[in-house]
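One structure is given below, encoded as structure tokens.
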Amino acid sequence: MSAPTTTHVKPGMGAPGTVREHHEHHELSFLRKYIFSTDHKVIGIQFMFTGLFFFLIGGLMAMAIRWQLAWPWTKMPVIGGILFPNTGEAITPEFYTMLFTMHGTLMIFFVIIPLLTGAFGNFLIPLMIGAPDMAFPRLNMFGYWAMIPAIACIVMSFMNPGGGPAAGWTAYPPLSTIETAAPGSLSAQTYWLLALTWIGVSSMMGAINYVTTIVKMRAPGMTMMRMPLVIWALFIAALLQLFALPVLTAASIMQILDRTLHTGFFTPTNLVVNQMNPEMVGAAAGGQPLLWQHLFWFYSHPAVYVMVVPAMGMASDILATHARKPLFGYKPMVYSLASIAGLGFIVWGHHMFTSGMNPALGMTFMVSTIIIALPSAIKVFNWLGTLWGARIRLTTPMLNALGFVAMFIVGGLSGIWMAATPVDIYIHDTYIIVAHFHYIVFGGSVFAIFASIYHWFPKMFGRMMNETLGKIHFVGSFIFTNCVFYMMHQLGMAGLMRRTAMPYDYETYAHLQPLNQFISISAFCLFAWQIIFVFNFFHSLWWGKRVGRNPWQGCSLEWEAPSPPGHGNFDHQIEVYRGPYEYASPEVEEDYLPQAKKLS
Amino acid sequence: MRLIATLLFAALLVFGIWSFVDSETFLLGPMPDGYSWWWPEYTSTFGGDIDFLFTFISWLILVFFVGTMGALIMFVFKYSKKREGKAVFSHGNHKLEMIWTGIPAALLLIIAFMQMTTWADIKFAGATAGKQLFAEVFASQFDWRFRYPGIDGRFGTADDIESVYEFVVPVDEDIVFNLRSHDVLHSFFVPVLRLKQDAVPGMTIPVWFNSMEEGTFDLICAELCGWGHYKMAGRITVVSRAEFDQWIVDKTAEKYSNGQENQ
């Protein structure tokens, strides 16, 4: 480590002291290095392991849901005896509501958002803009440690005597606020709200850091329009969090107050829940249940984009790198990301078309929702443009990125049905919706996360993941994902409602059990297939092939650093001369021209 | 790997087209009588408009699905072949961007505008304003209750009739009812009527439909309302006007014979 690296910091920017401090390479204790670390890479990896752990838990819950839908009220193999000793080892209706509530909550707030923004946001931003660390390393550490109370609260919530929260991940009042409405839940809902609030604190700390770091700490020559798209995407996602999160936090606190101090923000007068009027026990009333829905979706719709915008950025980077071709339409890609984010703030009402919200308002939300399909379409066309005339290397990250594009197409197109208000009357809250958002969040975001793990694993740990196992993992995952989620469209066509523990007593749904069994078996296969990934991940962590700095021959700055990068990231001075996607450049002999390479 | 990847994406394309084109027997063989893998047959007056819109969008989706997936498959097949030389050095094409922004924008605007009247006809306040109220519908954990004005045609009088589970309505008439909930959110969903409306405590929401066919149909709660959500069922029985009038008379007689003057 020869040259001093503090020169990355632009003169005049804040806190150079903290930055310099990082470069005194004294050995840190194990605890400071891996547990209470202020290093963005370690924090990113902490987020990754946390996210992947909860992915397993959330996935197990999905399996239990699938068991119930395929073979309702029957003895659950293996774990039925432990979980349900009093009901013939079968799921109870109360437990089913808790299962899908927790599945949604964990997957959104403890898996996808932490993995995309927490893990890759932290790991990639300083490396890809040529900074030695985040702007606020200690705040960054606090961002991760705010996850711990969140995890404690969500565990308390689920382990609550009597059962967990049972109001769905959307927590619509009065079901969520009136205790007699969901008698099993007791204080579980309150803990659930506290968990969400802490997750919000964590995301907020991250978002502040990402925005500041990207604005203030880019290496010399790294203009905004030379940033890789994944950095743009993470920047925009952080802005979404910054503007939307306060609303959810306020709403959660209002709901906590409703539950604990009976303030009645969301409780109308003259309720009779379970033969009991909350006002009889001194609860205030005069509130509006729809108010929660507006506040909740004002955050949670932008949050939907927080869950997919970074994935779009990652896919763009990985596609260009492994296609050995410049990204098609860099500027339209940036503008479309920005317009998705901007429009994302005025479409929340499309979750409420049939909610009793003024139908005239529904019409305006319909128009904004239809328009937001346009930037997504532009992105798809540009990804295809990137592939045209390329020299594609079908590596594991590339396959997963292509899988992302294919499934984003399906999920994006089915969104147009939902945007059409009259059509939404029928399909709202059916399995078409479930199919749609799983195509985006599982087929889209999760495949982008897989792609990113395969792509940046060498940078994180200095070793490659096994390509053969990676390809086997991709092929099976792709097949089973489509078997599970494509067929959910057919369930939704038949009008099958989501969140229904036992639908086959209805004449309308009586014929759907065989299809649900097919989906469940596919889902079990999909779950089991991930063992290959877990094995590959841990095996490669210790025994993977060692790599140099730039195993994929990428152009962006993270490949300038050693693998894995040390404290302070770069061991030489970084200066940026061009955009991030100069693959196949005629200026040089090889087929890539790195951003930091000076041409004479 | 090139062939496997191409086949994988091609399989998704074929699968997708198949699900659109062959909705009768898709994948799992022929369906029981009266069922298909498409929407169930509609019976309400506005069902046709909704289904037309859905079908129109579906075909549009199919065209884009085939176009984009086809391009993806072709490019993966063609450009992942080992070749000499570098990729095409192109950063984009302004004209192409204009085309693939303009055409979808125009199509999306068409979709936006063509649905407005349908939505207004079904949901706007004007659709129910000034019309005779047919019934009051109450949702609560976990049943549906229907209150009819009875023989005198007025609500809140002694001869009001209440029915649980079964909602009897006459065929070919505009049925306007007020939807209410006492406790938590529920949703009034009748698949064949293409009708869904949440019941919100504290709000009285006017809803209407007109069934063109007689028969009995499922009424399903479509908004999570607690542990018993899955069994919050009802039935809509659509009968001729004469049968309906007779039903009111029978219900009234039944009510007084049970001695329930004070409902």
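Lettering and numbering for the structure tokens are positional, with chains as A, B, ... in the shown order, residues counted from 1 in each chain, and ligands counted from 1 in the shown order.
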Interface list for chain A, partner chain B, 6 Å threshold, only C-alpha atoms, as a compact mmCIF listing (two decimals) with C-alpha atoms, in the first residue's frame:
```txt
# COMPACT_ATOMS: atom_id res chain seq x y z
CA PRO A 93 -56.80 -20.58 10.43
CA GLU A 94 -55.28 -18.11 12.92
CA PRO A 174 -59.40 -1.66 12.39
CA LEU A 175 -58.27 -5.30 12.19
CA ALA A 182 -57.80 -10.46 16.09
CA PRO A 268 -64.46 5.27 13.35
CA LEU A 271 -67.73 0.06 15.95
CA VAL A 272 -68.96 -3.24 17.27
CA VAL A 273 -66.10 -5.71 17.08
CA LYS A 325 -20.96 -4.13 -25.11
CA PRO A 326 -21.76 -0.59 -23.90
CA PHE A 328 -27.64 0.84 -24.80
CA GLY A 329 -29.06 4.30 -24.09
CA THR A 354 -61.88 -0.70 -4.64
CA SER A 355 -61.22 0.58 -1.12
CA PRO A 359 -63.71 6.86 -7.61
CA VAL A 367 -53.71 7.70 -15.43
CA TRP A 388 -28.12 -6.74 -29.83
CA GLY A 389 -24.80 -7.21 -31.58
CA ALA A 390 -23.13 -8.23 -28.33
CA ARG A 391 -20.52 -10.89 -27.54
CA ILE A 392 -22.49 -12.51 -24.75
CA LEU A 413 -46.85 -6.58 -18.62
CA PRO A 422 -62.44 -1.64 -14.41
CA VAL A 423 -60.27 -4.74 -14.81
CA ILE A 425 -62.39 -4.45 -9.91
CA TYR A 426 -62.23 -8.14 -10.75
CA GLN A 490 -54.50 -18.97 -13.78
CA MET A 493 -58.23 -15.73 -13.61
CA ALA A 494 -60.60 -18.02 -11.74
CA THR A 500 -57.74 -17.44 1.86
CA ALA A 501 -56.78 -20.41 4.03
CA MET A 502 -59.27 -22.86 2.53
CA ALA A 584 -15.66 -3.08 -27.28
```
**Message:** Please identify the strand (DSSP E or B) residues within range 200-236 of chain B (assignment by DSSP from backbone atoms) and present them as JSON, numbers by chain.
**Reply:** {"B": [205, 206, 207, 208, 209, 211, 215, 216, 217, 218, 219, 220, 221, 233, 234, 235, 236]}
Resulting file, chosen residues, C-alpha atoms, as a short mmCIF file (atom, residue, chain, number, x, y, z; two decimals), in the first residue's frame:
```
data_model
loop_
_atom_site.label_atom_id
_atom_site.label_comp_id
_atom_site.auth_asym_id
_atom_site.auth_seq_id
_atom_site.Cartn_x
_atom_site.Cartn_y
_atom_site.Cartn_z
CA ILE B 205 -70.83 3.12 0.19
CA PRO B 206 -73.50 2.90 -2.51
CA VAL B 207 -73.00 0.00 -4.92
CA TRP B 208 -74.99 -1.16 -7.90
CA PHE B 209 -75.24 -4.05 -10.32
CA SER B 211 -77.68 -9.29 -13.22
CA GLY B 215 -79.13 -18.52 -10.70
CA THR B 216 -77.18 -18.61 -7.48
CA PHE B 217 -73.63 -17.36 -7.29
CA ASP B 218 -70.82 -17.10 -4.75
CA LEU B 219 -70.41 -13.96 -2.71
CA ILE B 220 -66.88 -13.90 -1.31
CA CYS B 221 -65.14 -11.63 1.16
CA ALA B 233 -69.18 -16.67 2.36
CA GLY B 234 -72.53 -15.63 1.02
CA ARG B 235 -74.75 -16.53 -1.91
CA ILE B 236 -76.47 -14.27 -4.39
#
```
**Item:** Selection: 9 Å around Glu560 in chain A, only C-alpha atoms, excl. self and same-chain fewer than 2 positions, as a VMD selection string
**Value:** chain A and resid 127 549 to 550 555 to 558 562 570 to 572 574 594 596
Next, dump the selected residues to file, keeping only N, CA and C atoms, as a short mmCIF file (atom, residue, chain, number, x, y, z; two decimals), in the first residue's frame.
```cif
data_model
loop_
_atom_site.label_atom_id
_atom_site.label_comp_id
_atom_site.auth_asym_id
_atom_site.auth_seq_id
_atom_site.Cartn_x
_atom_site.Cartn_y
_atom_site.Cartn_z
N LEU A 127 -17.02 1.72 -3.50
CA LEU A 127 -16.11 1.09 -4.45
C LEU A 127 -16.33 1.58 -5.87
N ARG A 549 -7.82 -8.92 -9.46
CA ARG A 549 -8.69 -7.76 -9.26
C ARG A 549 -9.91 -7.78 -10.15
N ASN A 550 -9.76 -8.26 -11.34
CA ASN A 550 -10.81 -8.03 -12.33
C ASN A 550 -11.20 -9.31 -13.07
N CYS A 555 -15.35 -2.68 -16.43
CA CYS A 555 -14.79 -1.35 -16.62
C CYS A 555 -14.91 -0.46 -15.40
N SER A 556 -15.82 -0.77 -14.49
CA SER A 556 -16.10 0.18 -13.41
C SER A 556 -15.03 0.09 -12.32
N LEU A 557 -15.09 1.05 -11.40
CA LEU A 557 -13.96 1.28 -10.50
C LEU A 557 -13.71 0.17 -9.48
N GLU A 558 -14.76 -0.58 -9.10
CA GLU A 558 -14.54 -1.57 -8.05
C GLU A 558 -13.50 -2.60 -8.47
N PRO A 562 -8.06 -4.18 -4.93
CA PRO A 562 -7.73 -5.59 -4.73
C PRO A 562 -8.99 -6.39 -4.36
N PHE A 570 -8.88 1.44 -2.04
CA PHE A 570 -7.97 1.48 -3.18
C PHE A 570 -6.53 1.63 -2.71
N ASP A 571 -5.61 0.98 -3.42
CA ASP A 571 -4.21 1.11 -3.05
C ASP A 571 -3.46 2.02 -4.00
N HIS A 572 -4.18 2.64 -4.91
CA HIS A 572 -3.53 3.62 -5.77
C HIS A 572 -4.54 4.73 -6.07
N ILE A 574 -7.07 7.06 -7.78
CA ILE A 574 -8.10 6.79 -8.77
C ILE A 574 -8.48 8.09 -9.47
N PRO A 594 -11.27 0.34 -19.09
CA PRO A 594 -11.72 0.72 -17.74
C PRO A 594 -11.83 2.22 -17.56
N ALA A 596 -10.88 4.05 -15.18
CA ALA A 596 -9.73 4.72 -14.57
C ALA A 596 -8.46 4.56 -15.38
#
```
**Asked** To one decimal place, how far is CA of Val42 in chain A from CA of Arg463 in chain A in Å?
**Response**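 Atom-to-atom, CA of Val42 in chain A to CA of Arg463 in chain A, that is 16.2 Å.
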**Item:** Residues within 6 Å of Ala233 in chain A, only C-alpha atoms, excluding chain neighbours under 6 positions, as a list of chain:residue names
**Value:** A:Val309, A:Pro310, A:Gly313
For the residues selected in the previous step, produce a file with C-alpha atoms as a JSON list (two decimals), in the first residue's frame.
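Wrote selection.json, looks like this:
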```
[["chain", "number", "residue", "atom", "x", "y", "z"],
["A", 309, "VAL", "CA", -34.98, 0.04, -8.95],
["A", 310, "PRO", "CA", -31.63, -1.18, -7.51],
["A", 313, "GLY", "CA", -29.42, -1.00, -11.94]]
```
**Request:** For Arg259 in chain A, list every protein, DNA or RNA residue within 8 Å, evaluated using only C-alpha atoms, and leave out those in the same chain fewer than 3 positions away; present the list as an NGL selection string.
**Result:** :A and (177-179 or 190 or 255-256 or 262-263)
Write a file of the selected residues as an mmCIF file, in the first residue's frame, keeping N, CA and C atoms.
```cif
data_model
loop_
_atom_site.group_PDB
_atom_site.id
_atom_site.type_symbol
_atom_site.label_atom_id
_atom_site.label_comp_id
_atom_site.auth_asym_id
_atom_site.auth_seq_id
_atom_site.Cartn_x
_atom_site.Cartn_y
_atom_site.Cartn_z
ATOM 1 N N THR A 177 -55.873 -2.565 14.726
ATOM 2 C CA THR A 177 -55.845 -1.675 15.888
ATOM 3 C C THR A 177 -56.778 -2.117 17.012
ATOM 4 N N ILE A 178 -57.864 -2.806 16.675
ATOM 5 C CA ILE A 178 -58.820 -3.202 17.715
ATOM 6 C C ILE A 178 -58.455 -4.598 18.195
ATOM 7 N N GLU A 179 -58.161 -4.726 19.494
ATOM 8 C CA GLU A 179 -57.635 -6.011 19.961
ATOM 9 C C GLU A 179 -58.638 -7.144 19.826
ATOM 10 N N THR A 190 -48.292 -4.595 18.071
ATOM 11 C CA THR A 190 -47.495 -3.460 18.547
ATOM 12 C C THR A 190 -46.009 -3.717 18.314
ATOM 13 N N GLN A 255 -50.428 4.314 14.645
ATOM 14 C CA GLN A 255 -51.101 3.039 14.908
ATOM 15 C C GLN A 255 -50.704 2.481 16.281
ATOM 16 N N ILE A 256 -49.434 2.692 16.660
ATOM 17 C CA ILE A 256 -49.017 2.267 17.999
ATOM 18 C C ILE A 256 -49.836 3.022 19.048
ATOM 19 N N HIS A 262 -55.170 4.196 22.784
ATOM 20 C CA HIS A 262 -56.535 4.271 22.226
ATOM 21 C C HIS A 262 -56.854 5.656 21.683
ATOM 22 N N THR A 263 -55.913 6.196 20.880
ATOM 23 C CA THR A 263 -56.134 7.538 20.344
ATOM 24 C C THR A 263 -57.209 7.588 19.263
#
```
**Request:** Just give me the gap between CA of Ile440 in chain A and CA of Leu116 in chain A in Å, one decimal is fine.
**Result:**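 CA of Ile440 in chain A sits 13.8 Å away from CA of Leu116 in chain A.
Non-sequential neighbours of Val171 in chain B (distance at most 6 Å, separation of 2 or more positions within a chain, only C-alpha atoms) are Glu173, Ser211, Met212, Val238, Val239 and Ser240 of chain B.
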Expected file: the selected residues, C-alpha atoms, as a compact mmCIF listing (two decimals), in the first residue's frame:
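Saved the output as selection_18.txt:
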```
# COMPACT_ATOMS: atom_id res chain seq x y z
CA GLU B 173 -83.07 -4.75 -12.63
CA SER B 211 -77.68 -9.29 -13.22
CA MET B 212 -78.83 -10.51 -16.62
CA VAL B 238 -81.02 -14.05 -8.78
CA VAL B 239 -84.70 -14.81 -9.51
CA SER B 240 -87.51 -13.40 -11.63
```
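One distance worth recording is that between CA of Met357 in chain A and CA of Gly264 in chain A, which is 19.8 Å.
You can rank A:Pro173, A:Gly443, A:Pro137, A:Pro375 by their closest distance to Ala406 in chain A using only C-alpha atoms, and at the top of that list sits A:Gly443.
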**Request:** Enumerate, as a VMD selection string, the complete set of residues in range 135-260 of chain A that a backbone-based DSSP assignment places in helix (DSSP H, G or I).
**Result:** chain A and resid 137 to 145 147 to 158 179 to 181 188 to 216 224 to 226 229 to 260
Write the residues of the preceding selection, restricted to C-alpha atoms, as a PDB file, in the first residue's frame.
```
ATOM      1  CA  PRO A 137     -18.953   5.437   8.650  1.00  0.00           C
ATOM      2  CA  ARG A 138     -20.250   5.427  12.220  1.00  0.00           C
ATOM      3  CA  LEU A 139     -23.771   6.324  11.116  1.00  0.00           C
ATOM      4  CA  ASN A 140     -23.426   3.451   8.700  1.00  0.00           C
ATOM      5  CA  MET A 141     -22.565   1.075  11.530  1.00  0.00           C
ATOM      6  CA  PHE A 142     -25.563   2.404  13.439  1.00  0.00           C
ATOM      7  CA  GLY A 143     -27.679   1.692  10.341  1.00  0.00           C
ATOM      8  CA  TYR A 144     -26.848  -1.975  10.605  1.00  0.00           C
ATOM      9  CA  TRP A 145     -27.191  -2.116  14.371  1.00  0.00           C
ATOM     10  CA  MET A 147     -31.593  -3.852  12.510  1.00  0.00           C
ATOM     11  CA  ILE A 148     -31.010  -5.646  15.808  1.00  0.00           C
ATOM     12  CA  PRO A 149     -33.895  -4.071  17.751  1.00  0.00           C
ATOM     13  CA  ALA A 150     -35.990  -4.570  14.615  1.00  0.00           C
ATOM     14  CA  ILE A 151     -35.119  -8.256  14.596  1.00  0.00           C
ATOM     15  CA  ALA A 152     -35.749  -8.486  18.345  1.00  0.00           C
ATOM     16  CA  CYS A 153     -39.177  -6.879  17.911  1.00  0.00           C
ATOM     17  CA  ILE A 154     -40.180  -9.063  14.987  1.00  0.00           C
ATOM     18  CA  VAL A 155     -39.137 -12.186  16.890  1.00  0.00           C
ATOM     19  CA  MET A 156     -41.048 -10.986  19.968  1.00  0.00           C
ATOM     20  CA  SER A 157     -43.975 -10.326  17.693  1.00  0.00           C
ATOM     21  CA  PHE A 158     -44.038 -13.799  16.178  1.00  0.00           C
ATOM     22  CA  GLU A 179     -57.635  -6.011  19.961  1.00  0.00           C
ATOM     23  CA  THR A 180     -60.906  -7.922  19.884  1.00  0.00           C
ATOM     24  CA  ALA A 181     -60.764  -8.086  16.072  1.00  0.00           C
ATOM     25  CA  ALA A 188     -47.919  -8.871  18.651  1.00  0.00           C
ATOM     26  CA  GLN A 189     -49.159  -6.102  16.361  1.00  0.00           C
ATOM     27  CA  THR A 190     -47.495  -3.460  18.547  1.00  0.00           C
ATOM     28  CA  TYR A 191     -44.163  -5.268  18.390  1.00  0.00           C
ATOM     29  CA  TRP A 192     -44.637  -5.626  14.648  1.00  0.00           C
ATOM     30  CA  LEU A 193     -45.077  -1.859  14.334  1.00  0.00           C
ATOM     31  CA  LEU A 194     -42.006  -1.252  16.496  1.00  0.00           C
ATOM     32  CA  ALA A 195     -40.011  -3.597  14.275  1.00  0.00           C
ATOM     33  CA  LEU A 196     -41.084  -1.624  11.212  1.00  0.00           C
ATOM     34  CA  THR A 197     -40.131   1.630  12.875  1.00  0.00           C
ATOM     35  CA  TRP A 198     -36.636   0.301  13.650  1.00  0.00           C
ATOM     36  CA  ILE A 199     -36.231  -1.003  10.132  1.00  0.00           C
ATOM     37  CA  GLY A 200     -37.185   2.495   9.025  1.00  0.00           C
ATOM     38  CA  VAL A 201     -34.429   3.963  11.230  1.00  0.00           C
ATOM     39  CA  SER A 202     -31.964   1.556   9.648  1.00  0.00           C
ATOM     40  CA  SER A 203     -33.032   2.432   6.097  1.00  0.00           C
ATOM     41  CA  MET A 204     -32.993   6.146   6.883  1.00  0.00           C
ATOM     42  CA  MET A 205     -29.411   6.035   8.187  1.00  0.00           C
ATOM     43  CA  GLY A 206     -28.419   4.128   5.069  1.00  0.00           C
ATOM     44  CA  ALA A 207     -30.246   6.497   2.741  1.00  0.00           C
ATOM     45  CA  ILE A 208     -28.683   9.622   4.256  1.00  0.00           C
ATOM     46  CA  ASN A 209     -25.270   8.020   3.893  1.00  0.00           C
ATOM     47  CA  TYR A 210     -25.776   6.886   0.305  1.00  0.00           C
ATOM     48  CA  VAL A 211     -27.019  10.266  -0.888  1.00  0.00           C
ATOM     49  CA  THR A 212     -24.231  12.173   0.869  1.00  0.00           C
ATOM     50  CA  THR A 213     -21.545   9.762  -0.283  1.00  0.00           C
ATOM     51  CA  ILE A 214     -22.671   9.825  -3.898  1.00  0.00           C
ATOM     52  CA  VAL A 215     -23.033  13.591  -4.002  1.00  0.00           C
ATOM     53  CA  LYS A 216     -19.836  14.478  -2.143  1.00  0.00           C
ATOM     54  CA  MET A 224     -22.793  12.120 -12.231  1.00  0.00           C
ATOM     55  CA  MET A 225     -23.254  11.048 -15.841  1.00  0.00           C
ATOM     56  CA  ARG A 226     -20.241   8.745 -15.617  1.00  0.00           C
ATOM     57  CA  LEU A 229     -26.343   2.649 -13.443  1.00  0.00           C
ATOM     58  CA  VAL A 230     -26.381   0.598 -10.267  1.00  0.00           C
ATOM     59  CA  ILE A 231     -25.094   3.686  -8.431  1.00  0.00           C
ATOM     60  CA  TRP A 232     -27.767   5.817 -10.060  1.00  0.00           C
ATOM     61  CA  ALA A 233     -30.351   3.258  -9.048  1.00  0.00           C
ATOM     62  CA  LEU A 234     -29.147   3.096  -5.452  1.00  0.00           C
ATOM     63  CA  PHE A 235     -29.017   6.903  -5.350  1.00  0.00           C
ATOM     64  CA  ILE A 236     -32.602   7.150  -6.559  1.00  0.00           C
ATOM     65  CA  ALA A 237     -33.767   4.396  -4.211  1.00  0.00           C
ATOM     66  CA  ALA A 238     -32.137   6.260  -1.319  1.00  0.00           C
ATOM     67  CA  LEU A 239     -33.980   9.434  -2.289  1.00  0.00           C
ATOM     68  CA  LEU A 240     -37.246   7.469  -2.371  1.00  0.00           C
ATOM     69  CA  GLN A 241     -36.547   6.192   1.140  1.00  0.00           C
ATOM     70  CA  LEU A 242     -35.644   9.675   2.379  1.00  0.00           C
ATOM     71  CA  PHE A 243     -38.859  11.235   1.189  1.00  0.00           C
ATOM     72  CA  ALA A 244     -41.279   8.393   1.847  1.00  0.00           C
ATOM     73  CA  LEU A 245     -40.065   6.793   5.067  1.00  0.00           C
ATOM     74  CA  PRO A 246     -41.034   9.615   7.432  1.00  0.00           C
ATOM     75  CA  VAL A 247     -44.646   9.076   6.391  1.00  0.00           C
ATOM     76  CA  LEU A 248     -44.584   5.373   7.288  1.00  0.00           C
ATOM     77  CA  THR A 249     -42.823   6.112  10.559  1.00  0.00           C
ATOM     78  CA  ALA A 250     -45.462   8.687  11.477  1.00  0.00           C
ATOM     79  CA  ALA A 251     -48.243   6.302  10.459  1.00  0.00           C
ATOM     80  CA  SER A 252     -46.739   3.429  12.467  1.00  0.00           C
ATOM     81  CA  ILE A 253     -46.494   5.627  15.538  1.00  0.00           C
ATOM     82  CA  MET A 254     -50.105   6.691  15.053  1.00  0.00           C
ATOM     83  CA  GLN A 255     -51.101   3.039  14.908  1.00  0.00           C
ATOM     84  CA  ILE A 256     -49.017   2.267  17.999  1.00  0.00           C
ATOM     85  CA  LEU A 257     -50.818   5.108  19.780  1.00  0.00           C
ATOM     86  CA  ASP A 258     -54.162   3.741  18.591  1.00  0.00           C
ATOM     87  CA  ARG A 259     -53.255   0.385  20.063  1.00  0.00           C
ATOM     88  CA  THR A 260     -51.690   1.474  23.327  1.00  0.00           C
TER      89      THR A 260
END
```
**Asked** Between A:Asp39, A:Asp429, A:Asp317, A:Glu507, which one has atoms that come closest to Pro580 in chain A, using only C-alpha atoms?
**Response** A:Asp317
